[in-house]
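Pasting data.csv here (CSV, C-alpha atoms):
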```csv
chain,number,residue,atom,x,y,z
A,268,MET,CA,133.1,-75.3,90.6
A,269,LEU,CA,136.8,-75.0,90.3
A,270,ASP,CA,139.0,-76.4,93.0
A,271,ILE,CA,140.7,-73.7,95.1
A,272,LYS,CA,144.0,-75.5,94.9
A,273,LEU,CA,143.9,-75.2,91.1
A,274,VAL,CA,143.2,-71.5,91.2
A,275,VAL,CA,146.0,-70.9,93.8
A,276,ALA,CA,148.5,-73.1,92.0
A,277,HIS,CA,147.8,-71.9,88.4
A,278,PRO,CA,146.1,-68.4,88.5
A,279,GLU,CA,147.5,-67.4,85.1
A,280,ALA,CA,146.1,-70.5,83.5
A,281,ILE,CA,142.7,-69.6,84.8
A,282,ARG,CA,143.1,-66.1,83.5
A,283,MET,CA,144.1,-67.4,80.1
A,284,VAL,CA,140.9,-69.6,80.0
A,285,LEU,CA,138.8,-66.5,80.8
A,286,ARG,CA,140.5,-64.5,78.0
A,287,LYS,CA,140.0,-67.4,75.6
A,288,MET,CA,136.3,-67.6,76.5
A,289,GLN,CA,136.1,-63.8,76.2
A,290,GLN,CA,135.0,-63.4,79.8
A,291,THR,CA,137.4,-60.7,80.7
A,292,ASP,CA,134.9,-59.2,83.2
A,293,LYS,CA,135.7,-62.2,85.4
A,294,LEU,CA,139.5,-61.7,85.5
A,295,GLN,CA,139.3,-59.7,88.8
A,296,LEU,CA,137.6,-62.7,90.4
A,297,VAL,CA,140.8,-64.7,90.2
A,298,ASP,CA,142.6,-61.9,92.1
A,299,GLU,CA,139.7,-61.8,94.6
A,300,VAL,CA,139.9,-65.5,95.2
A,301,LEU,CA,143.7,-65.3,95.8
A,302,LYS,CA,143.3,-62.3,98.2
A,303,LYS,CA,140.5,-64.0,100.1
A,304,ARG,CA,142.4,-67.2,100.4
A,305,GLU,CA,145.4,-65.4,101.9
A,306,GLU,CA,143.0,-63.6,104.4
A,307,TRP,CA,141.5,-67.0,105.2
A,308,LYS,CA,144.9,-68.6,105.8
A,309,LYS,CA,146.0,-65.8,108.2
A,310,LEU,CA,142.7,-65.9,110.1
A,311,LYS,CA,142.8,-69.7,110.3
A,312,GLU,CA,146.3,-69.4,111.9
A,313,LYS,CA,145.0,-66.8,114.3
A,314,TRP,CA,142.0,-69.0,115.2
A,315,GLU,CA,144.4,-72.0,115.9
A,316,GLN,CA,146.5,-69.7,118.1
A,317,LEU,CA,143.5,-68.7,120.1
A,318,ARG,CA,142.5,-72.3,120.6
A,319,HIS,CA,146.0,-73.2,121.7
A,320,GLY,CA,146.1,-70.2,124.0
A,321,LYS,CA,142.8,-71.3,125.6
A,322,ASN,CA,144.2,-74.7,126.2
A,323,THR,CA,147.4,-73.3,127.6
A,324,LEU,CA,145.5,-71.0,129.9
A,325,ALA,CA,143.5,-73.9,131.3
A,326,LEU,CA,146.8,-75.8,132.1
A,327,GLN,CA,148.3,-72.7,133.7
A,328,ILE,CA,145.2,-72.1,135.8
A,329,ASN,CA,145.2,-75.7,137.0
A,330,GLU,CA,148.9,-75.5,137.9
A,331,LEU,CA,148.4,-72.2,139.8
A,332,LYS,CA,145.5,-73.7,141.8
A,333,LYS,CA,147.6,-76.7,142.7
A,334,GLN,CA,150.3,-74.4,144.0
A,335,GLY,CA,147.7,-72.4,146.0
A,336,LYS,CA,148.2,-69.2,144.0
A,337,THR,CA,144.4,-68.4,143.7
A,338,SER,CA,144.8,-64.7,143.0
A,339,GLU,CA,147.0,-65.3,140.0
A,340,ALA,CA,144.7,-68.1,138.9
A,341,ASN,CA,141.7,-65.7,139.1
A,342,LYS,CA,143.4,-63.2,136.8
A,343,LEU,CA,143.9,-66.0,134.2
A,344,ILE,CA,140.4,-67.2,134.7
A,345,LYS,CA,139.1,-63.8,133.7
A,346,GLU,CA,141.3,-63.9,130.6
A,347,ALA,CA,140.1,-67.4,129.8
A,348,HIS,CA,136.4,-66.3,129.9
A,349,GLU,CA,137.1,-63.9,127.0
A,350,MET,CA,138.7,-66.6,124.8
A,351,PRO,CA,135.6,-68.4,123.6
A,352,LYS,CA,134.1,-65.1,122.4
A,353,LYS,CA,137.3,-64.4,120.4
A,354,ILE,CA,137.3,-67.9,119.0
A,355,GLU,CA,133.7,-67.7,118.0
A,356,LEU,CA,134.3,-64.3,116.3
A,357,ALA,CA,137.2,-65.8,114.3
A,358,GLU,CA,135.2,-68.8,113.3
A,359,ALA,CA,132.4,-66.6,112.0
A,360,LYS,CA,134.8,-64.6,110.0
A,361,LEU,CA,136.4,-67.8,108.6
A,362,GLN,CA,133.0,-69.0,107.5
A,363,GLN,CA,132.2,-65.7,105.8
A,364,LEU,CA,135.5,-65.8,103.9
A,365,GLN,CA,135.0,-69.4,102.9
A,366,GLN,CA,131.5,-68.7,101.7
A,367,ARG,CA,132.6,-65.8,99.6
A,368,ILE,CA,135.5,-67.8,98.1
A,369,ASN,CA,133.0,-70.6,97.2
A,370,GLU,CA,130.6,-68.0,95.6
A,371,VAL,CA,133.4,-66.7,93.4
A,372,LEU,CA,134.7,-70.2,92.5
A,373,THR,CA,131.2,-71.2,91.3
A,374,THR,CA,131.1,-68.2,88.9
A,375,LEU,CA,134.4,-69.1,87.3
A,376,PRO,CA,134.2,-71.4,84.2
A,377,ASN,CA,135.8,-74.8,84.0
A,378,THR,CA,139.2,-75.0,82.3
A,379,LEU,CA,139.3,-75.7,78.6
A,380,HIS,CA,141.2,-78.2,76.6
A,381,GLU,CA,143.8,-76.5,74.4
A,382,SER,CA,142.1,-77.7,71.2
A,383,VAL,CA,139.0,-75.7,72.0
A,384,PRO,CA,138.8,-72.7,69.6
A,385,VAL,CA,138.7,-69.1,70.9
A,386,GLY,CA,135.2,-67.7,71.0
A,387,LYS,CA,132.4,-66.4,73.1
A,388,ASP,CA,129.9,-69.2,72.4
A,389,GLU,CA,129.3,-72.2,70.1
A,390,ASN,CA,128.6,-70.0,67.1
A,391,ASP,CA,132.4,-69.1,67.0
A,392,ASN,CA,133.3,-72.8,66.7
A,393,LYS,CA,134.6,-74.3,63.5
A,394,GLU,CA,132.9,-77.4,62.3
A,395,THR,CA,135.2,-80.4,61.8
A,396,LYS,CA,134.5,-83.8,60.3
```
Re-express the file's structure as structure tokens.
Amino acid sequence: MLDIKLVVAHPEAIRMVLRKMQQTDKLQLVDEVLKKREEWKKLKEKWEQLRHGKNTLALQINELKKQGKTSEANKLIKEAHEMPKKIELAEAKLQQLQQRINEVLTTLPNTLHESVPVGKDENDNKETK
């Protein structure tokens, strides 16, 4: 399986390998990995913001209770009860995206050394002595 960092850093090199191996049907997989990776990064950021928001709400609720403002604290408590559901939903989507990225990465071939001849299989290779 190719490393995601390699595909993100050098997508054109991966495309060149696919062309060299005459696996042009897999060229769109490189674009899919890049797209899914961007989706994953955005969702990861949203997930982190949700977790931060949950922690911030807990601190605000605690502070309002100390000040005796229970009605305001109760409003925030209702909001805080919804946060775990949102976080779990984001985590599930993150796992789905990561799973799809890994599936695609396993179908992409390893990179080739530049001395490897162009061909579909070993029958196209030139014998050297």
- request: Excluding segment 310-327 of chain A and any residue of its chain fewer than 3 positions from it, enumerate the residues within 10 Å of it, using all atoms listed in the file, and give them as a ChimeraX atom specification.
  value: /A:304-307,330-333,339-340,343-344,346-351,353-358,360-361,364
query: Any idea what the distance is between atom CA of Leu294 of chain A and atom CA of Ala359 of chain A?
result: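 If I compute the distance from atom CA of Leu294 of chain A to atom CA of Ala359 of chain A, I get 27.9 Å.
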message: To one decimal place in Å, what is the distance between atom CA of Leu375 of chain A and atom CA of Lys287 of chain A?
response: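 We find that atom CA of Leu375 of chain A and atom CA of Lys287 of chain A lie 13.1 Å from each other.
Atom CA of Val274 of chain A to atom CA of Leu372 of chain A spans 8.7 Å [interatomic distance, one decimal].
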- prompt: Using only C-alpha atoms, which of A:Ile281, A:Leu269, A:Ala276, A:Ile328 sits nearest Val297 of chain A?
  reply: A:Ile281
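All residues of protein, DNA or RNA that reach within 9 Å of Met268 of chain A, judged by all atoms listed in the file and not counting those fewer than 4 positions away in the chain, are Asn369, Leu372, Thr373, Thr374, Leu375, Pro376 and Asn377 of chain A.
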